[in-house]
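Participant: So here's protein-v3.txt (compact mmCIF, C-alpha atoms).
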```txt
# COMPACT_ATOMS: atom_id res chain seq x y z
CA MET A 312 74.45 114.59 105.89
CA ASP A 313 73.59 115.46 102.31
CA THR A 314 70.27 114.32 101.02
CA VAL A 315 69.05 113.60 97.54
CA ALA A 316 67.98 116.92 96.06
CA SER A 317 64.49 117.77 94.99
CA THR A 318 63.66 117.43 91.33
CA THR A 319 63.70 121.19 90.78
CA LYS A 320 66.15 121.86 87.99
CA MET A 321 69.09 123.94 89.16
CA ASN A 322 70.65 126.51 86.86
CA ARG A 323 74.38 126.63 86.22
CA ASP A 324 75.02 129.32 88.84
CA GLU A 325 73.23 127.28 91.49
CA ILE A 326 75.20 124.17 90.57
CA PHE A 327 78.42 126.22 90.72
CA GLU A 328 77.57 127.46 94.24
CA LEU A 329 76.80 123.89 95.32
CA MET A 330 80.14 122.67 93.90
CA LYS A 331 81.98 125.45 95.79
CA LYS A 332 80.23 124.35 98.99
CA PHE A 333 81.34 120.74 98.44
CA ILE A 334 84.93 121.80 97.68
CA THR A 335 85.00 123.90 100.86
CA GLU A 336 83.77 120.94 102.90
CA VAL A 337 86.45 118.69 101.39
CA ILE A 338 89.56 120.89 101.56
CA GLY A 339 88.60 123.25 104.39
CA GLU A 340 87.58 126.88 104.53
CA GLU A 341 91.07 128.22 105.32
CA PHE A 342 92.40 126.99 101.97
CA VAL A 343 89.34 128.03 99.98
CA GLU A 344 89.64 131.60 101.29
CA GLU A 345 93.00 131.93 99.54
CA MET A 346 91.61 130.69 96.23
CA ASP A 347 89.62 132.31 93.50
CA ILE A 348 87.32 129.46 92.53
CA THR A 349 85.84 129.88 89.05
CA PRO A 350 84.26 127.48 86.54
CA GLU A 351 87.69 127.37 84.88
CA SER A 352 89.39 126.08 88.03
CA SER A 353 90.92 122.67 87.48
CA PHE A 354 90.78 120.18 90.31
CA THR A 355 94.39 119.12 90.40
CA LYS A 356 96.27 122.20 89.22
CA ASP A 357 94.23 125.13 90.54
CA LEU A 358 92.40 123.62 93.49
CA GLU A 359 95.30 121.25 94.31
CA MET A 360 92.93 118.45 95.18
CA ASP A 361 94.49 115.01 95.36
CA SER A 362 92.79 111.81 94.31
CA ILE A 363 91.30 110.93 97.72
CA GLU A 364 89.85 114.45 97.99
CA ILE A 365 88.27 114.05 94.55
CA VAL A 366 86.78 110.77 95.84
CA SER A 367 85.20 112.72 98.75
CA PHE A 368 83.93 115.37 96.36
CA SER A 369 82.45 112.70 94.05
CA GLU A 370 80.71 111.05 96.98
CA LYS A 371 79.11 114.38 97.91
CA ILE A 372 77.78 114.77 94.38
CA LYS A 373 76.44 111.21 94.40
CA ALA A 374 74.82 111.70 97.80
CA HIS A 375 73.21 114.95 96.68
CA PHE A 376 71.90 113.93 93.27
CA GLY A 377 71.39 110.21 93.89
CA ASN A 378 70.37 108.22 90.83
CA GLN A 379 69.70 111.32 88.75
CA ILE A 380 73.27 111.29 87.50
CA ASP A 381 75.90 108.60 87.05
CA PHE A 382 78.86 110.68 88.18
CA THR A 383 81.30 107.83 88.77
CA GLY A 384 80.32 106.31 85.42
CA TRP A 385 81.02 109.64 83.73
CA LEU A 386 84.41 109.98 85.44
CA SER A 387 85.33 106.40 84.56
CA SER A 388 85.02 107.20 80.86
CA MET A 389 87.98 109.60 81.19
CA ASP A 390 91.64 108.77 80.95
CA LEU A 391 94.19 110.15 83.40
CA ASP A 392 94.99 113.26 81.35
CA GLN A 393 91.31 114.13 81.11
CA LEU A 394 90.88 113.62 84.85
CA ILE A 395 93.87 115.83 85.58
CA ASN A 396 92.50 118.56 83.34
CA LEU A 397 88.95 118.26 84.63
CA ASN A 398 87.59 121.65 85.63
CA LEU A 399 84.51 122.79 87.50
CA GLY A 400 82.77 124.03 84.38
CA MET A 401 82.84 120.55 82.83
CA ILE A 402 81.15 119.10 85.91
CA ILE A 403 78.58 121.90 85.99
CA ASN A 404 77.73 121.21 82.34
CA TYR A 405 77.49 117.49 82.94
CA ILE A 406 75.15 117.88 85.92
CA HIS A 407 73.08 120.50 84.11
CA GLU A 408 72.63 118.28 81.05
CA CYS A 409 71.66 115.25 83.14
CA ARG A 410 68.87 116.98 84.97
CA MET B 1035 81.55 109.30 103.33
CA PRO B 1036 81.21 105.64 104.38
CA VAL B 1037 83.40 105.16 107.40
CA ILE B 1038 82.69 101.97 109.34
CA LYS B 1039 84.04 100.56 112.59
CA VAL B 1040 86.21 97.46 112.25
CA ASN B 1041 87.83 96.17 115.45
CA ASN B 1042 86.95 99.49 117.03
CA ARG B 1043 88.84 101.51 114.43
CA GLU B 1044 87.44 103.72 111.70
CA VAL B 1045 87.89 102.33 108.20
CA HIS B 1046 86.95 104.24 105.07
CA ILE B 1047 85.32 101.98 102.50
CA GLN B 1048 83.64 102.47 99.15
CA GLU B 1049 81.20 99.95 97.70
CA LEU B 1050 79.70 99.68 94.22
CA ASN B 1051 76.86 97.46 92.94
CA LYS B 1052 75.92 96.11 96.36
CA GLY B 1053 73.27 93.72 95.04
CA ALA B 1054 75.61 91.57 92.94
CA ALA B 1055 76.05 87.88 93.76
CA GLU B 1056 79.85 87.88 93.99
CA THR B 1057 82.20 90.34 95.65
CA VAL B 1058 85.59 91.67 94.57
CA LEU B 1059 87.78 93.14 97.32
CA LEU B 1060 90.47 95.61 96.27
CA ILE B 1061 93.60 96.45 98.31
CA HIS B 1062 95.70 99.51 97.48
CA GLY B 1063 99.44 99.96 97.98
CA MET B 1064 101.65 101.60 100.60
CA PHE B 1065 101.39 105.43 100.86
CA SER B 1066 98.43 105.37 98.47
CA ASN B 1067 94.67 105.01 98.99
CA LEU B 1068 91.55 103.49 97.46
CA SER B 1069 91.38 106.17 94.76
CA VAL B 1070 93.82 104.05 92.74
CA TYR B 1071 90.76 101.91 91.93
CA TYR B 1072 87.84 104.29 92.45
CA PHE B 1073 87.80 106.20 89.17
CA ASN B 1074 88.32 103.50 86.54
CA ILE B 1075 88.98 99.94 87.66
CA ALA B 1076 86.20 99.66 90.25
CA PRO B 1077 83.43 100.93 87.92
CA ILE B 1078 84.51 98.36 85.28
CA LEU B 1079 84.37 95.52 87.83
CA ALA B 1080 81.06 96.83 89.20
CA LYS B 1081 79.32 95.97 85.93
CA HIS B 1082 79.33 92.37 87.17
CA PHE B 1083 80.46 92.35 90.78
CA HIS B 1084 79.86 93.90 94.15
CA VAL B 1085 83.09 95.88 94.58
CA VAL B 1086 84.58 96.79 97.96
CA MET B 1087 87.53 99.19 98.26
CA TYR B 1088 89.01 100.21 101.61
CA ASP B 1089 91.76 102.49 102.87
CA LEU B 1090 94.49 100.69 104.82
CA LYS B 1091 95.14 101.97 108.35
CA SER B 1092 96.64 105.50 108.44
CA HIS B 1093 96.07 105.79 104.68
CA GLY B 1094 93.44 107.78 102.80
CA MET B 1095 90.59 108.48 105.19
CA SER B 1096 91.02 105.55 107.55
CA GLU B 1097 91.99 106.10 111.17
CA ARG B 1098 95.61 106.62 112.08
CA THR B 1099 97.12 103.70 113.96
CA LEU B 1100 100.53 103.37 115.57
CA HIS B 1101 101.04 99.62 115.22
CA GLY B 1102 100.26 96.60 113.11
CA TYR B 1103 101.75 97.08 109.63
CA ASP B 1104 103.05 93.52 109.32
CA LEU B 1105 101.25 91.17 106.95
CA ASN B 1106 99.58 89.22 109.76
CA SER B 1107 98.01 92.36 111.20
CA MET B 1108 97.06 93.69 107.78
CA THR B 1109 95.31 90.42 106.92
CA ASP B 1110 93.65 90.33 110.36
CA ASP B 1111 92.23 93.75 109.44
CA LEU B 1112 90.93 92.46 106.11
CA HIS B 1113 89.47 89.34 107.68
CA ALA B 1114 87.65 91.49 110.24
CA LEU B 1115 86.39 93.77 107.46
CA MET B 1116 84.95 90.74 105.63
CA GLN B 1117 83.16 89.71 108.81
CA VAL B 1118 81.69 93.18 109.35
CA LEU B 1119 80.46 93.23 105.74
CA ASN B 1120 79.11 89.65 106.04
CA LEU B 1121 81.28 88.39 103.21
CA GLU B 1122 81.75 84.63 103.44
CA THR B 1123 83.96 84.55 100.35
CA ALA B 1124 85.27 87.07 97.84
CA HIS B 1125 87.57 87.50 94.89
CA LEU B 1126 90.63 89.43 95.99
CA ALA B 1127 93.04 91.78 94.23
CA GLY B 1128 95.95 93.79 95.61
CA TYR B 1129 98.33 96.28 94.06
CA SER B 1130 102.00 96.70 95.05
CA PHE B 1131 102.25 96.22 98.85
CA GLY B 1132 98.52 95.42 98.69
CA GLY B 1133 99.49 92.49 96.45
CA LEU B 1134 101.58 91.09 99.31
CA ILE B 1135 98.61 91.50 101.66
CA ALA B 1136 96.44 89.67 99.11
CA LEU B 1137 98.97 86.81 98.89
CA LYS B 1138 99.19 86.56 102.66
CA MET B 1139 95.39 86.57 102.92
CA THR B 1140 95.20 83.66 100.48
CA LEU B 1141 97.83 81.74 102.47
CA ARG B 1142 96.03 82.29 105.78
CA PHE B 1143 92.40 82.03 104.69
CA PRO B 1144 92.30 80.00 101.46
CA ASP B 1145 88.63 79.10 101.90
CA LYS B 1146 87.64 82.76 101.93
CA ILE B 1147 89.31 83.67 98.65
CA LYS B 1148 87.79 82.49 95.39
CA LYS B 1149 90.31 83.90 92.95
CA LEU B 1150 93.37 86.06 93.46
CA ILE B 1151 94.93 88.86 91.41
CA VAL B 1152 98.35 90.18 92.36
CA ILE B 1153 99.27 93.42 90.61
CA GLU B 1154 102.90 94.50 90.75
CA ALA B 1155 103.69 93.01 94.16
CA PRO B 1156 107.35 93.79 94.96
CA ASP B 1157 109.84 91.53 96.66
CA PRO B 1158 109.89 92.92 100.22
CA LYS B 1159 113.62 92.11 100.39
CA ASP B 1160 114.15 95.08 98.09
CA GLU B 1161 114.24 98.11 100.39
CA LYS B 1162 113.57 100.57 97.62
CA ALA B 1163 110.52 98.66 96.46
CA ARG B 1164 109.30 98.47 100.03
CA GLY B 1165 109.34 102.24 100.07
CA ILE B 1166 111.36 102.22 103.24
CA ILE B 1167 114.58 104.05 103.75
CA ASP B 1168 116.38 104.79 106.96
CA ASP B 1169 116.11 108.54 106.94
CA TYR B 1170 113.01 110.29 105.84
CA SER B 1171 113.44 113.79 104.49
CA ARG B 1172 111.50 116.32 102.52
CA GLU B 1173 113.85 115.65 99.60
CA PHE B 1174 113.04 111.98 99.87
CA LEU B 1175 109.33 112.78 99.65
CA GLU B 1176 109.85 114.90 96.57
CA HIS B 1177 111.85 112.12 94.96
CA TYR B 1178 109.37 109.46 96.05
CA VAL B 1179 106.29 111.22 94.69
CA GLU B 1180 108.14 111.84 91.43
CA ASN B 1181 108.96 108.19 90.99
CA PHE B 1182 106.81 105.79 92.93
CA THR B 1183 103.35 107.12 93.74
CA ASP B 1184 100.14 107.14 91.76
CA THR B 1185 100.35 110.89 91.40
CA THR B 1186 103.31 110.82 89.06
CA LYS B 1187 101.53 112.78 86.36
CA VAL B 1188 100.48 115.62 88.62
CA LYS B 1189 102.96 118.13 89.92
CA MET B 1190 102.18 118.46 93.60
CA GLY B 1191 101.21 121.89 94.90
CA LYS B 1192 102.20 123.34 98.26
CA ARG B 1193 99.12 122.18 100.17
CA GLN B 1194 99.43 118.65 98.79
CA MET B 1195 103.13 118.50 99.56
CA GLU B 1196 102.39 119.54 103.15
CA ARG B 1197 99.62 116.97 103.49
CA ASN B 1198 101.85 114.20 102.18
CA HIS B 1199 104.79 115.40 104.24
CA ARG B 1200 102.65 115.11 107.39
CA MET B 1201 101.48 111.62 106.44
CA TYR B 1202 105.02 110.39 105.76
CA GLU B 1203 106.38 111.95 108.93
CA TYR B 1204 103.66 110.23 110.91
CA LEU B 1205 104.16 106.86 109.24
CA PHE B 1206 107.96 106.97 109.34
CA TYR B 1207 108.58 108.37 112.79
CA GLN B 1208 105.56 107.54 114.92
CA THR B 1209 104.27 104.20 113.70
CA SER B 1210 105.93 100.79 113.60
CA ILE B 1211 105.69 100.62 109.79
CA LYS B 1212 109.46 100.50 109.19
CA THR B 1213 110.21 97.67 111.59
CA ASP B 1214 107.04 95.79 110.67
CA MET B 1215 107.91 95.92 106.99
CA ALA B 1216 111.55 95.02 107.55
CA ALA B 1217 110.40 91.93 109.44
CA GLU B 1218 108.59 90.78 106.28
CA LYS B 1219 111.67 90.75 104.08
CA ASP B 1220 111.64 86.96 103.67
CA PHE B 1221 107.92 86.68 103.06
CA LEU B 1222 108.26 85.46 99.48
CA ASN B 1223 110.48 82.61 100.66
CA ASP B 1224 107.65 81.25 102.80
CA PRO B 1225 107.41 77.62 101.58
CA GLN B 1226 103.64 77.87 101.95
CA ILE B 1227 103.54 79.98 98.78
CA LEU B 1228 104.28 76.76 96.88
CA LEU B 1229 101.06 75.32 98.28
CA ILE B 1230 98.71 78.02 96.97
CA ASN B 1231 96.15 76.39 94.70
CA THR B 1232 93.81 79.34 94.33
CA ASP B 1233 93.51 80.47 90.71
CA THR B 1234 95.91 83.40 90.54
CA LEU B 1235 96.49 86.09 87.95
CA LEU B 1236 99.76 88.02 88.14
CA LEU B 1237 99.67 91.40 86.39
CA TYR B 1238 102.98 93.18 85.87
CA GLY B 1239 104.27 96.07 83.78
CA MET B 1240 106.56 95.15 80.89
CA ASP B 1241 109.05 97.81 82.03
CA SER B 1242 108.51 97.36 85.75
CA ASN B 1243 111.42 96.94 88.13
CA CYS B 1244 109.21 94.40 89.95
CA LEU B 1245 108.78 92.15 86.90
CA GLU B 1246 111.32 89.60 88.14
CA THR B 1247 109.15 89.11 91.22
CA GLY B 1248 106.16 88.45 88.94
CA LYS B 1249 108.11 85.80 87.04
CA TRP B 1250 109.32 84.26 90.28
CA LEU B 1251 105.77 84.05 91.69
CA ASN B 1252 104.59 82.55 88.41
CA GLU B 1253 107.14 79.75 88.85
CA LYS B 1254 106.20 79.13 92.46
CA ILE B 1255 102.40 79.26 92.25
CA LYS B 1256 101.26 76.34 90.09
CA SER B 1257 97.78 77.71 89.47
CA SER B 1258 99.04 81.11 88.33
CA GLU B 1259 99.17 82.92 85.04
CA LEU B 1260 101.44 85.93 84.39
CA LEU B 1261 100.20 88.63 82.02
CA LEU B 1262 102.24 91.67 81.03
CA VAL B 1263 100.81 95.13 80.52
CA PRO B 1264 102.52 98.08 78.79
CA GLY B 1265 104.04 100.32 81.45
CA ASN B 1266 106.04 100.21 84.66
CA HIS B 1267 105.11 99.78 88.34
CA ASN B 1268 102.28 102.31 87.89
CA ILE B 1269 100.19 100.20 85.47
CA PRO B 1270 96.86 100.70 87.31
CA ILE B 1271 97.28 104.42 86.65
CA GLN B 1272 98.83 104.04 83.20
CA GLU B 1273 96.41 101.42 81.82
CA PRO B 1274 93.34 101.42 84.08
CA ALA B 1275 90.81 100.33 81.42
CA LEU B 1276 93.01 97.46 80.24
CA ILE B 1277 93.69 96.32 83.81
CA GLY B 1278 89.98 96.57 84.69
CA ASP B 1279 89.02 94.47 81.65
CA MET B 1280 91.68 91.86 82.40
CA MET B 1281 90.53 91.61 86.00
CA ASN B 1282 86.90 91.34 84.95
CA MET B 1283 87.63 88.57 82.49
CA PHE B 1284 89.69 86.60 85.00
CA PHE B 1285 87.11 86.82 87.78
CA MET B 1286 84.22 85.99 85.44
CA ASN B 1287 85.69 82.90 83.77
```
Spit out the file's structure as structure tokens when you get a sec.
Facilitator:
Amino acid sequence: MDTVASTTKMNRDEIFELMKKFITEVIGEEFVEEMDITPESSFTKDLEMDSIEIVSFSEKIKAHFGNQIDFTGWLSSMDLDQLINLNLGMIINYIHECR
Amino acid sequence: MPVIKVNNREVHIQELNKGAAETVLLIHGMFSNLSVYYFNIAPILAKHFHVVMYDLKSHGMSERTLHGYDLNSMTDDLHALMQVLNLETAHLAGYSFGGLIALKMTLRFPDKIKKLIVIEAPDPKDEKARGIIDDYSREFLEHYVENFTDTTKVKMGKRQMERNHRMYEYLFYQTSIKTDMAAEKDFLNDPQILLINTDTLLLYGMDSNCLETGKWLNEKIKSSELLLVPGNHNIPIQEPALIGDMMNMFFMN
């Protein structure tokens, strides 16, 4: 079970590693091994995550960071094209700026 | 990931704004999942309401189940979910096949439902709209995801195609979904529909092939209003902000 993180500010590399861990938990290690996950990786095209997997991923972020960030609120400001083109780097930046 | 036990089966739910006075329950469509609401529509509604989304049986992250895809069973499931969540009453909205579940719920438990929104419910007489054909095939899946699912804008990759293929194979060949759905083909002719007096909003796409069903329901349900949205059957994906605002306004007034 993920817990709300301490208030120590994470740098971008640490956030990236945490995101990779969440992605691995959602889609499974066997698929992640075949992928080269980078900050440029897009969720739908490169990581091939479908909408219910992105829900799981979002829930992991919310469980980890708690009230420190409004991740669902941030996602809800995007239209479908923006969601489709969402990449890891954009999320890393968002989390980094919030904290 | 909130997975709760309802009638001894695992149901994946998502809740927003738990402290709010009134609740909105959201039902997704066949072969879809709660993500159709999660990213846009639910956060808009959560500004004023406690929002509950759930994955139907064998969909999304809810437990796979062999039987019980008829509207009675599906509304039994929802009724049980309301009991587990201690919801005496709620506003209710359903999209596509979920719209038929929402209608059936209002027929069976009118005292539980404050207001009803039906988005793009199809006529279950129409086999294509029901999403049921006699022979499932990989080609059918490719055609179906191109035309009818909420992933129309994303080209499916190999892993996704495999995941979906497995879900369809399970639903088509192992569960009772086909026979259960076929048995509902006359549902909209149920004379009880004429007796609905719950305030009802019907939301349909201007270019939807289900629009005639929306007009027909509008004639039958006296307390209903039909509003058209630019788009086709996929309006919750095409116009999520507009749909969310319309739903909010209807439930608030």
Participant: Pick out the chain B residues within 6 Å of chain A. Count all atoms listed in the file. Give them as a PyMOL selection string.
Facilitator: chain B and resi 1069+1073-1074+1191
Participant: Determine, counting only C-alpha atoms, which protein, DNA and RNA residues have an atom within 8 Å of an atom of stretch 1038-1046 of chain B; residues of the same chain fewer than 2 positions away are not included. Present the result as a count of residues only.
Facilitator: 15
Participant: In Å, how far is it from atom CA of B:Ala1217 to atom CA of B:Ala1136?
Facilitator: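 Pair atom CA of B:Ala1217 / atom CA of B:Ala1136 returns 17.5 Å.
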Participant: Please return, as a short mmCIF file (atom, residue, chain, number, x, y, z; two decimals) with C-alpha atoms, keeping the file's coordinate frame, all polymer residues that have at least one atom within 6 Å of the point (105.0, 102.4, 114.1); use all atoms listed in the file and the file's own coordinate frame.
Facilitator:
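New file result-v1.cif:
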```cif
data_model
loop_
_atom_site.label_atom_id
_atom_site.label_comp_id
_atom_site.auth_asym_id
_atom_site.auth_seq_id
_atom_site.Cartn_x
_atom_site.Cartn_y
_atom_site.Cartn_z
CA LEU B 1100 100.53 103.37 115.57
CA HIS B 1101 101.04 99.62 115.22
CA GLN B 1208 105.56 107.54 114.92
CA THR B 1209 104.27 104.20 113.70
CA SER B 1210 105.93 100.79 113.60
CA ILE B 1211 105.69 100.62 109.79
#
```
Participant: For a test of reading the model, state the distance in Å between atom CA of B:Pro1077 and atom CA of B:Leu1245, rounded to one decimal.
Facilitator: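 It comes out at 26.8 Å.
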Participant: Please determine, counting all atoms listed in the file, which residue among A:Glu325, A:Asp381, A:Glu344, A:Glu351 has the shortest atom-to-atom distance to A:Tyr405.
Facilitator: A:Asp381
Participant: Can you tell me, as JSON, the centre and edge lengths (Å, one decimal) of the axis-aligned box enclosing all of stretch 1214-1229 of chain B's listed atoms after padding each side by 5 Å?
Facilitator:
```
{"center_x": 106.4, "center_y": 85.6, "center_z": 103.8, "size_x": 20.6, "size_y": 30.6, "size_z": 23.8}
```
Participant: For B:Lys1149, please output as a ChimeraX atom specification all residues within 6 Å (counting only C-alpha atoms; exclusion window: fewer than 5 positions along the same chain).
Facilitator: /B:1125,1232-1233
Participant: Find the spatial neighbours of A:Ser352, counting all atoms listed in the file, within a cut-off of 9 Å - ignore same-chain residues fewer than 5 positions away - and output them as a compact mmCIF listing (two decimals) with C-alpha atoms, in the coordinates of the input.
Facilitator:
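selection_18.txt written:
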```txt
# COMPACT_ATOMS: atom_id res chain seq x y z
CA ASP A 347 89.62 132.31 93.50
CA ASP A 357 94.23 125.13 90.54
CA LEU A 358 92.40 123.62 93.49
CA LEU A 397 88.95 118.26 84.63
CA ASN A 398 87.59 121.65 85.63
CA LEU A 399 84.51 122.79 87.50
CA GLY A 400 82.77 124.03 84.38
```
Participant: By how many Å are atom CA of B:Asp1241 and atom CA of B:Gly1133 apart?
Facilitator: 18.1 Å
Participant: Taking (90.5, 97.6, 83.9) in the file's coordinates, which residues come within 12 Å, counting all atoms listed in the file, written as a PyMOL selection string?
Facilitator: (chain A and resi 387-388+390) or (chain B and resi 1070-1081+1153+1237+1263+1269-1285)
Participant: Tell me, as a VMD selection string, which residues lie within 8 Å of B:Val1058, counting only C-alpha atoms; anything in the same chain fewer than 6 positions away does not count.
Facilitator: chain B and resid 1079 1083 to 1086 1124 to 1127
Participant: Please determine, counting all atoms listed in the file, which residue among A:Met321, A:Ser353, A:Phe327, A:Val337 has the shortest atom-to-atom distance to A:Gln393.
Facilitator: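 Smallest separation from A:Gln393 among the options: A:Ser353.
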Participant: Neighbours of A:Lys320 within 12 Å (all atoms listed in the file; same-chain residues fewer than 4 positions away dropped), as a list in words?
Facilitator: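 Neighbouring residues, sequence-local ones excluded: Ala316, Asp324, Glu325, Ile326, Phe376, Gln379, Ile406, His407, Glu408, Cys409 and Arg410 of chain A.
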